[in-house]
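Undergrad: Please find one structure pasted underneath; my questions will follow.
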Amino acid sequence: MPRAAAPSDTVPALPAGLRSTRATRAVLQLVAQRAGEALSETQVEAALTQAGVAVNRVTVYRLLDRLAAAGVLRRQVDAQRIARYALVQGTPSDSTASRFECDDCHRHFPLSEGAESLQAATRLMLQALALAGHEGTAVDIAVHGRCAGCARPGAGAGA
C-alpha cells in the first residue's frame, strides 16, 4: 500500500486512505516516540489522555487495528492474551517480529542480536510450511522470561 510523505523524520507516514485526524496524528506520534515498545490499547488510551487528546476507547481500538492493517503497526498478542501494538521497524513487508517478553512486568524488548540468524531460521520455517502446502505470511517469535530489572531489581538494569 503506498504511503504519503511523512510530516517529519520521527513520525511514521500516514497510510493512504487513512484520514489525518487529531487522534491519528497523536497515535502516530506516540508510537514514534516509544518505538521500542509494544503498547496495549489501555496504554495508548492513557498516554493520549495524558497528552490532552480526548479520544474514546472504541476509537483507539479501531485506529490501532487500521494502522496494523496498513502495515504501520505490528499487532502481537502477549502471554496474557492482551493485544499490543508496536511500530514496524524497517519495511512493512518484513516477515519477522522477535521479542523478549518479561513475564513479571510484561514489557517487551526487541531481539536485535543475531537478527541475521533469526531471518535465516524464519526463511526455513516459511519454506517448510510452503512444502507442506501452507502459505505462511509472517513469523512472530516471543521468548518469555524475566527481564534484568525484574530478575535483579536492586541492580538498576531493565530498560
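Each chain in the C-alpha cells gets a letter, A, B and so on, in the order shown; residues start at 1 in every chain, and ligands are counted from 1 in the order they appear.
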Please provide the set of residues having any atom within 12 Å of Glu41 of chain A, restricted to only C-alpha atoms, with same-chain residues fewer than 5 positions apart removed, written as a PyMOL selection string.
TA: chain A and resi 27+31+46-48+55-65+75-77+82-86
Undergrad: Restricting it to N, CA, C and O atoms, dump the selection as a tab-separated table (two decimals), in the first residue's frame.
TA:
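Result file follows (part_9.tsv):
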chain	number	residue	atom	x	y	z
A	27	VAL	N	-1.63	9.24	17.77
A	27	VAL	CA	-1.20	7.84	17.90
A	27	VAL	C	0.11	7.63	17.14
A	27	VAL	O	1.04	7.00	17.66
A	31	VAL	N	3.56	6.33	19.01
A	31	VAL	CA	4.31	5.11	18.68
A	31	VAL	C	5.70	5.43	18.17
A	31	VAL	O	6.63	4.66	18.36
A	46	ALA	N	-4.35	5.80	27.70
A	46	ALA	CA	-3.86	6.57	28.85
A	46	ALA	C	-2.85	7.63	28.42
A	46	ALA	O	-2.89	8.77	28.90
A	47	ALA	N	-1.95	7.27	27.51
A	47	ALA	CA	-0.95	8.22	27.03
A	47	ALA	C	-1.61	9.37	26.26
A	47	ALA	O	-1.20	10.53	26.39
A	48	LEU	N	-2.63	9.05	25.47
A	48	LEU	CA	-3.34	10.10	24.73
A	48	LEU	C	-4.06	11.03	25.69
A	48	LEU	O	-4.03	12.26	25.52
A	55	VAL	N	-10.10	11.08	23.35
A	55	VAL	CA	-10.50	10.07	22.39
A	55	VAL	C	-11.08	8.89	23.18
A	55	VAL	O	-10.59	8.55	24.24
A	56	ASN	N	-12.16	8.31	22.63
A	56	ASN	CA	-12.78	7.21	23.38
A	56	ASN	C	-12.12	5.87	23.03
A	56	ASN	O	-11.40	5.75	22.05
A	57	ARG	N	-12.37	4.90	23.88
A	57	ARG	CA	-11.74	3.59	23.78
A	57	ARG	C	-12.01	2.92	22.43
A	57	ARG	O	-11.10	2.34	21.83
A	58	VAL	N	-13.22	2.98	21.94
A	58	VAL	CA	-13.56	2.32	20.67
A	58	VAL	C	-12.76	2.93	19.52
A	58	VAL	O	-12.25	2.22	18.66
A	59	THR	N	-12.62	4.26	19.54
A	59	THR	CA	-11.84	4.93	18.50
A	59	THR	C	-10.39	4.47	18.54
A	59	THR	O	-9.77	4.22	17.50
A	60	VAL	N	-9.82	4.32	19.73
A	60	VAL	CA	-8.43	3.87	19.87
A	60	VAL	C	-8.29	2.45	19.31
A	60	VAL	O	-7.38	2.17	18.54
A	61	TYR	N	-9.21	1.55	19.69
A	61	TYR	CA	-9.16	0.17	19.17
A	61	TYR	C	-9.22	0.16	17.64
A	61	TYR	O	-8.43	-0.52	16.98
A	62	ARG	N	-10.15	0.89	17.09
A	62	ARG	CA	-10.31	0.91	15.63
A	62	ARG	C	-9.09	1.50	14.94
A	62	ARG	O	-8.64	0.99	13.91
A	63	LEU	N	-8.55	2.56	15.50
A	63	LEU	CA	-7.38	3.21	14.91
A	63	LEU	C	-6.16	2.30	14.95
A	63	LEU	O	-5.43	2.17	13.96
A	64	LEU	N	-5.94	1.63	16.08
A	64	LEU	CA	-4.81	0.70	16.18
A	64	LEU	C	-4.96	-0.43	15.17
A	64	LEU	O	-3.98	-0.81	14.51
A	65	ASP	N	-6.17	-0.96	15.04
A	65	ASP	CA	-6.41	-2.03	14.06
A	65	ASP	C	-6.17	-1.54	12.63
A	65	ASP	O	-5.59	-2.26	11.81
A	75	ARG	N	0.70	-5.96	15.24
A	75	ARG	CA	-0.15	-6.42	16.34
A	75	ARG	C	0.40	-7.75	16.83
A	75	ARG	O	0.63	-8.67	16.05
A	76	GLN	N	0.62	-7.83	18.15
A	76	GLN	CA	1.09	-9.08	18.73
A	76	GLN	C	0.30	-9.32	20.01
A	76	GLN	O	-0.06	-8.38	20.70
A	77	VAL	N	0.02	-10.56	20.30
A	77	VAL	CA	-0.74	-10.91	21.49
A	77	VAL	C	0.22	-11.54	22.48
A	77	VAL	O	0.94	-12.48	22.16
A	82	ILE	N	-3.32	-10.17	25.73
A	82	ILE	CA	-3.54	-8.74	25.52
A	82	ILE	C	-2.87	-8.36	24.21
A	82	ILE	O	-1.68	-8.65	24.01
A	83	ALA	N	-3.63	-7.73	23.32
A	83	ALA	CA	-3.07	-7.27	22.06
A	83	ALA	C	-2.20	-6.05	22.33
A	83	ALA	O	-2.60	-5.13	23.03
A	84	ARG	N	-0.98	-6.09	21.79
A	84	ARG	CA	-0.06	-4.97	21.92
A	84	ARG	C	0.37	-4.57	20.52
A	84	ARG	O	0.46	-5.40	19.62
A	85	TYR	N	0.62	-3.29	20.36
A	85	TYR	CA	0.95	-2.75	19.05
A	85	TYR	C	2.31	-2.08	19.11
A	85	TYR	O	2.60	-1.31	20.02
A	86	ALA	N	3.14	-2.40	18.12
A	86	ALA	CA	4.48	-1.84	18.05
A	86	ALA	C	4.70	-1.27	16.65
A	86	ALA	O	4.16	-1.78	15.66
Undergrad: Could you find all residues in segment 95-153 of chain A that DSSP calls strand (DSSP E or B) from the backbone, and write them as a ChimeraX atom specification?
TA: /A:96-102,108-110,139-145
Undergrad: Keeping only N, CA, C and O atoms, take the residues you just selected and write them out as a compact mmCIF listing (two decimals), in the first residue's frame.
TA:
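Dumped everything to part08.txt:
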# COMPACT_ATOMS: atom_id res chain seq x y z
N THR A 96 9.28 -10.97 10.05
CA THR A 96 9.64 -11.48 11.35
C THR A 96 9.54 -10.42 12.43
O THR A 96 10.00 -9.31 12.25
N ALA A 97 8.95 -10.80 13.54
CA ALA A 97 8.96 -9.97 14.74
C ALA A 97 9.50 -10.86 15.84
O ALA A 97 8.93 -11.90 16.12
N SER A 98 10.61 -10.48 16.42
CA SER A 98 11.16 -11.27 17.51
C SER A 98 11.34 -10.37 18.71
O SER A 98 11.78 -9.23 18.58
N ARG A 99 10.94 -10.90 19.88
CA ARG A 99 10.98 -10.07 21.07
C ARG A 99 11.15 -10.95 22.30
O ARG A 99 10.86 -12.14 22.27
N PHE A 100 11.63 -10.32 23.36
CA PHE A 100 11.69 -10.94 24.68
C PHE A 100 10.56 -10.30 25.48
O PHE A 100 10.43 -9.08 25.50
N GLU A 101 9.74 -11.12 26.10
CA GLU A 101 8.62 -10.63 26.90
C GLU A 101 8.82 -11.03 28.35
O GLU A 101 8.95 -12.20 28.67
N CYS A 102 8.88 -10.02 29.24
CA CYS A 102 9.06 -10.28 30.66
C CYS A 102 7.73 -10.77 31.25
O CYS A 102 6.70 -10.11 31.12
N HIS A 108 8.09 -5.54 26.65
CA HIS A 108 8.64 -6.24 25.50
C HIS A 108 9.95 -5.59 25.13
O HIS A 108 10.06 -4.36 25.14
N PHE A 109 10.93 -6.40 24.76
CA PHE A 109 12.23 -5.93 24.33
C PHE A 109 12.51 -6.55 22.96
O PHE A 109 12.49 -7.78 22.83
N PRO A 110 12.77 -5.74 21.93
CA PRO A 110 13.08 -6.32 20.62
C PRO A 110 14.39 -7.10 20.68
O PRO A 110 15.33 -6.71 21.37
N VAL A 139 6.12 -14.54 10.75
CA VAL A 139 6.56 -15.33 11.88
C VAL A 139 6.72 -14.38 13.06
O VAL A 139 7.38 -13.35 12.95
N ASP A 140 6.10 -14.72 14.18
CA ASP A 140 6.18 -13.90 15.39
C ASP A 140 6.84 -14.75 16.47
O ASP A 140 6.27 -15.74 16.91
N ILE A 141 8.06 -14.38 16.87
CA ILE A 141 8.81 -15.14 17.84
C ILE A 141 8.83 -14.38 19.16
O ILE A 141 9.24 -13.22 19.20
N ALA A 142 8.39 -15.04 20.24
CA ALA A 142 8.41 -14.42 21.57
C ALA A 142 9.15 -15.35 22.52
O ALA A 142 8.81 -16.51 22.65
N VAL A 143 10.17 -14.80 23.15
CA VAL A 143 10.91 -15.52 24.17
C VAL A 143 10.43 -14.98 25.51
O VAL A 143 10.38 -13.77 25.72
N HIS A 144 10.03 -15.87 26.41
CA HIS A 144 9.49 -15.46 27.71
C HIS A 144 10.50 -15.69 28.81
O HIS A 144 11.30 -16.61 28.74
N GLY A 145 10.44 -14.86 29.83
CA GLY A 145 11.32 -14.99 30.99
C GLY A 145 11.18 -13.76 31.86
O GLY A 145 10.13 -13.11 31.87
Undergrad: Where does DSSP see helix (DSSP H, G or I) in chain A, if you list the residues as number ranges by chain?
TA: A: 22-33, 41-50, 57-69, 115-131, 148-151, 153-155
Undergrad: For the atom pair atom CA of Pro153 of chain A and atom CA of Ala115 of chain A, what is the interatomic distance in Å to one decimal place?
TA: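 Taking atom CA of Pro153 of chain A as the start and atom CA of Ala115 of chain A as the end point, the length is 28.1 Å.
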Undergrad: Give me, please, the distance in Å between atom CA of Val44 of chain A and atom CA of Ala69 of chain A, quoted to one decimal.
TA: 17.3 Å
Undergrad: Using only C-alpha atoms, which of the listed residues (A:Pro12, A:Ala151, A:Ser20, A:Leu129) sits closest to Val88 of chain A?
TA: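 Once distances to Val88 of chain A are computed over only C-alpha atoms, the minimum belongs to A:Pro12.
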Undergrad: Interatomic distance between atom CA of Thr42 of chain A and atom CA of Gly154 of chain A?
TA: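 Atom CA of Gly154 of chain A lies at a distance of 28.6 Å from atom CA of Thr42 of chain A.
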Undergrad: Leaving out Met125 of chain A and any residue of its chain fewer than 2 positions from it, which residues lie within 12 Å of it when counting only C-alpha atoms, given as a PyMOL selection string?
TA: chain A and resi 95-96+118-123+127-132+134-141
